[in-house]
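Structure file protein16.csv (CSV, C-alpha atoms) follows.
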chain,number,residue,atom,x,y,z
A,1,MET,CA,117.3,105.0,48.6
A,2,VAL,CA,117.2,107.2,51.7
A,3,LEU,CA,119.0,104.7,54.0
A,4,ALA,CA,121.9,104.5,51.6
A,5,ASP,CA,122.7,108.1,52.4
A,6,ILE,CA,123.1,107.4,56.1
A,7,GLY,CA,126.5,106.2,57.0
A,8,SER,CA,127.5,104.4,60.2
A,9,GLY,CA,129.1,107.6,61.5
A,10,ASP,CA,125.9,109.5,61.0
A,11,LEU,CA,124.0,106.8,62.8
A,12,PHE,CA,126.4,106.7,65.7
A,13,TRP,CA,126.2,110.5,66.1
A,14,SER,CA,122.4,110.4,66.0
A,15,ILE,CA,122.3,107.8,68.7
A,16,LEU,CA,124.7,109.7,70.8
A,17,GLU,CA,122.7,112.9,70.4
A,18,PHE,CA,119.5,111.1,71.4
A,19,PHE,CA,121.3,109.6,74.4
A,20,PHE,CA,122.5,113.0,75.6
A,21,LEU,CA,119.1,114.6,75.0
A,22,PHE,CA,117.5,111.8,77.0
A,23,ILE,CA,120.0,112.4,79.9
A,24,LEU,CA,119.3,116.1,79.8
A,25,ILE,CA,115.5,115.6,80.0
A,26,MET,CA,115.9,113.1,82.9
A,27,ILE,CA,118.1,115.5,84.9
A,28,LEU,CA,115.6,118.3,84.1
A,29,PHE,CA,112.8,116.3,85.6
A,30,GLN,CA,114.9,115.6,88.7
A,31,VAL,CA,115.6,119.3,89.1
A,32,ILE,CA,112.0,120.3,88.6
A,33,GLY,CA,110.9,117.6,91.0
A,34,ASP,CA,113.4,118.8,93.6
A,35,LEU,CA,112.1,122.4,93.2
A,36,PHE,CA,108.6,121.3,94.0
A,37,ARG,CA,109.8,119.1,96.9
A,38,ASP,CA,111.6,122.0,98.6
A,39,HIS,CA,109.2,123.7,101.0
A,40,SER,CA,111.8,126.2,102.2
A,41,MET,CA,111.9,128.1,98.9
A,42,SER,CA,109.3,130.7,98.0
A,43,GLY,CA,107.0,130.4,95.0
A,44,GLY,CA,108.7,133.4,93.3
A,45,ALA,CA,112.1,131.7,93.6
A,46,LYS,CA,110.6,128.5,92.2
A,47,ALA,CA,109.1,130.3,89.3
A,48,ALA,CA,112.4,132.1,88.6
A,49,TRP,CA,114.2,128.7,88.5
A,50,ILE,CA,111.6,127.3,86.2
A,51,VAL,CA,112.0,130.2,83.8
A,52,PHE,CA,115.7,129.8,83.9
A,53,LEU,CA,115.4,126.1,83.3
A,54,ILE,CA,113.2,126.7,80.2
A,55,VAL,CA,115.4,129.5,78.7
A,56,LEU,CA,118.8,127.9,79.3
A,57,PRO,CA,118.4,124.3,80.4
A,58,PRO,CA,122.0,123.0,80.4
A,59,LEU,CA,123.3,126.1,82.2
A,60,ALA,CA,120.4,126.3,84.6
A,61,ILE,CA,120.8,122.6,85.5
A,62,LEU,CA,124.5,123.1,86.1
A,63,VAL,CA,124.0,126.2,88.3
A,64,TYR,CA,121.2,124.4,90.2
A,65,LEU,CA,123.3,121.3,90.9
A,66,ILE,CA,126.2,123.5,92.1
A,67,ALA,CA,124.0,125.8,94.2
A,68,ARG,CA,121.4,123.4,95.6
A,69,GLY,CA,122.9,120.0,95.0
A,70,PRO,CA,123.6,118.9,98.5
A,71,GLY,CA,120.0,119.8,99.6
A,72,MET,CA,118.6,117.6,96.8
A,73,GLN,CA,120.0,114.5,98.4
A,74,GLN,CA,118.6,115.4,101.8
A,75,ARG,CA,115.1,116.2,100.4
A,76,ALA,CA,115.0,113.0,98.5
A,77,LEU,CA,116.1,111.1,101.6
A,78,ASP,CA,113.4,112.8,103.7
A,79,GLN,CA,110.7,112.0,101.2
A,80,ALA,CA,111.8,108.4,101.0
A,81,GLN,CA,111.7,108.1,104.9
A,82,ALA,CA,108.3,109.7,105.0
A,83,MET,CA,107.0,107.3,102.4
A,84,GLN,CA,108.4,104.4,104.3
A,85,ALA,CA,106.9,105.6,107.6
A,86,GLN,CA,103.5,106.0,105.9
A,87,PHE,CA,103.8,102.5,104.4
A,88,ASN,CA,104.8,101.0,107.8
A,89,GLN,CA,101.9,102.7,109.5
A,90,SER,CA,99.3,101.5,106.9
A,91,VAL,CA,100.7,97.9,107.2
A,92,GLN,CA,100.5,98.0,111.0
A,93,ALA,CA,97.0,99.4,110.9
A,94,ALA,CA,95.9,96.6,108.5
A,95,THR,CA,97.4,93.8,110.6
A,96,ALA,CA,97.1,95.1,114.2
A,97,ASP,CA,93.5,94.3,115.0
A,98,PRO,CA,93.0,90.5,115.3
A,99,ALA,CA,89.2,91.0,115.8
A,100,ALA,CA,89.0,92.8,112.5
A,101,GLN,CA,91.0,90.0,110.8
A,102,ILE,CA,88.7,87.3,112.3
A,103,ALA,CA,85.6,89.3,111.3
A,104,ASN,CA,86.9,89.6,107.7
A,105,ALA,CA,87.6,85.8,107.7
A,106,LYS,CA,84.1,85.1,109.0
A,107,ALA,CA,82.6,87.3,106.3
A,108,LEU,CA,84.6,85.3,103.7
A,109,LEU,CA,83.4,82.0,105.3
A,110,ASP,CA,79.7,83.2,105.3
A,111,ALA,CA,80.1,84.2,101.6
A,112,GLY,CA,81.4,80.8,100.8
A,113,THR,CA,84.7,82.1,99.5
A,114,ILE,CA,86.8,80.0,102.0
A,115,SER,CA,86.2,76.7,103.8
A,116,ALA,CA,85.8,76.2,107.5
A,117,GLU,CA,89.3,74.8,107.6
A,118,GLU,CA,90.7,77.9,106.0
A,119,PHE,CA,88.7,80.0,108.4
A,120,GLU,CA,90.2,78.2,111.4
A,121,GLN,CA,93.7,78.7,109.9
A,122,LEU,CA,93.1,82.5,109.4
A,123,LYS,CA,91.7,82.7,112.9
A,124,GLN,CA,94.7,81.0,114.5
A,125,LYS,CA,97.0,83.2,112.5
A,126,ALA,CA,95.2,86.3,113.7
A,127,LEU,CA,95.4,85.2,117.3
A,128,SER,CA,99.1,84.4,117.2

Can you present the structure in this file as structure tokens?
Amino acid sequence: MVLADIGSGDLFWSILEFFFLFILIMILFQVIGDLFRDHSMSGGAKAAWIVFLIVLPPLAILVYLIARGPGMQQRALDQAQAMQAQFNQSVQAATADPAAQIANAKALLDAGTISAEEFEQLKQKALS
């Protein structure tokens, strides 16, 4: 039987190898994502980093983290702040106009989706 040839030590090492391969791939995706997020770097430099990452992934990741690591955090923070600002703007745009909210509620009332009592509740909520 094939499973009889696999010892617990072999299984442990296989799991450990898979774990480190998974970590390597995750870090590789982070580095590639940071490369494309960086607008200050030229396309040629990005291409050179990608080639270096494909040819020698562990060494390239280590060099990238040493050379450009502090900037990675700032770029990720800037992207998160931009996404939060965009989300806040869309929420404010959706909830800022009471007339639009009342018109939407009226359309729901006319369609029979909500009752007159629910329409009045939505109307009061929009006006407050």

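Among the candidates A:Gln79, A:Ile25, A:Gly44, A:His39, the residue lying nearest to Pro58 (chain A) is A:Ile25 (atoms considered: only C-alpha atoms).
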
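The two atoms in question, CA of Leu108 (chain A) and CA of Ala126 (chain A), are spaced 14.6 Å apart.
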
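You will find CA of Lys123 (chain A) at 16.3 Å from CA of Ala111 (chain A).
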
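Counting from CA of Phe52 (chain A), the distance to CA of Ile23 (chain A) is 18.4 Å.
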
Spatial neighbours of region 59-63 of chain A, max dist 10 Å, only C-alpha atoms, sep filter under 5 positions, as an MDAnalysis selection string: chainID A and resid 24 27:28 30:32 49:54 68:69

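Among A:Ala107, A:Leu77, A:Ile102, A:Ile66, the residue with the shortest atom-to-atom distance to Gln124 (chain A), counting only C-alpha atoms, is A:Ile102.
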
Of A:Gln89, A:Asn104, A:Asp38, A:Pro57, the one nearest to Met26 (chain A) when counting only C-alpha atoms is A:Pro57

Mind writing region 72-83 of chain A to a file for me, with N, CA and C atoms, as an mmCIF file, in the first residue's frame?
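selection_8.cif, freshly written:
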data_model
loop_
_atom_site.group_PDB
_atom_site.id
_atom_site.type_symbol
_atom_site.label_atom_id
_atom_site.label_comp_id
_atom_site.auth_asym_id
_atom_site.auth_seq_id
_atom_site.Cartn_x
_atom_site.Cartn_y
_atom_site.Cartn_z
ATOM 1 N N MET A 72 6.187 50.420 1.172
ATOM 2 C CA MET A 72 5.053 49.517 1.030
ATOM 3 C C MET A 72 3.957 49.875 2.026
ATOM 4 N N GLN A 73 4.348 50.118 3.249
ATOM 5 C CA GLN A 73 3.374 50.447 4.284
ATOM 6 C C GLN A 73 2.660 51.753 3.955
ATOM 7 N N GLN A 74 3.397 52.743 3.516
ATOM 8 C CA GLN A 74 2.798 54.043 3.196
ATOM 9 C C GLN A 74 1.849 53.938 2.012
ATOM 10 N N ARG A 75 2.234 53.175 0.983
ATOM 11 C CA ARG A 75 1.352 53.013 -0.177
ATOM 12 C C ARG A 75 0.083 52.259 0.201
ATOM 13 N N ALA A 76 0.193 51.247 1.039
ATOM 14 C CA ALA A 76 -0.990 50.511 1.485
ATOM 15 C C ALA A 76 -1.897 51.411 2.329
ATOM 16 N N LEU A 77 -1.301 52.226 3.178
ATOM 17 C CA LEU A 77 -2.075 53.151 4.003
ATOM 18 C C LEU A 77 -2.771 54.192 3.134
ATOM 19 N N ASP A 78 -2.073 54.738 2.150
ATOM 20 C CA ASP A 78 -2.674 55.716 1.241
ATOM 21 C C ASP A 78 -3.846 55.110 0.478
ATOM 22 N N GLN A 79 -3.679 53.871 0.020
ATOM 23 C CA GLN A 79 -4.756 53.215 -0.710
ATOM 24 C C GLN A 79 -5.967 52.976 0.203
ATOM 25 N N ALA A 80 -5.721 52.554 1.432
ATOM 26 C CA ALA A 80 -6.823 52.322 2.371
ATOM 27 C C ALA A 80 -7.557 53.631 2.680
ATOM 28 N N GLN A 81 -6.823 54.724 2.843
ATOM 29 C CA GLN A 81 -7.457 56.012 3.110
ATOM 30 C C GLN A 81 -8.261 56.492 1.905
ATOM 31 N N ALA A 82 -7.749 56.280 0.706
ATOM 32 C CA ALA A 82 -8.485 56.673 -0.496
ATOM 33 C C ALA A 82 -9.765 55.862 -0.641
ATOM 34 N N MET A 83 -9.687 54.580 -0.351
ATOM 35 C CA MET A 83 -10.879 53.736 -0.426
ATOM 36 C C MET A 83 -11.909 54.146 0.622
#
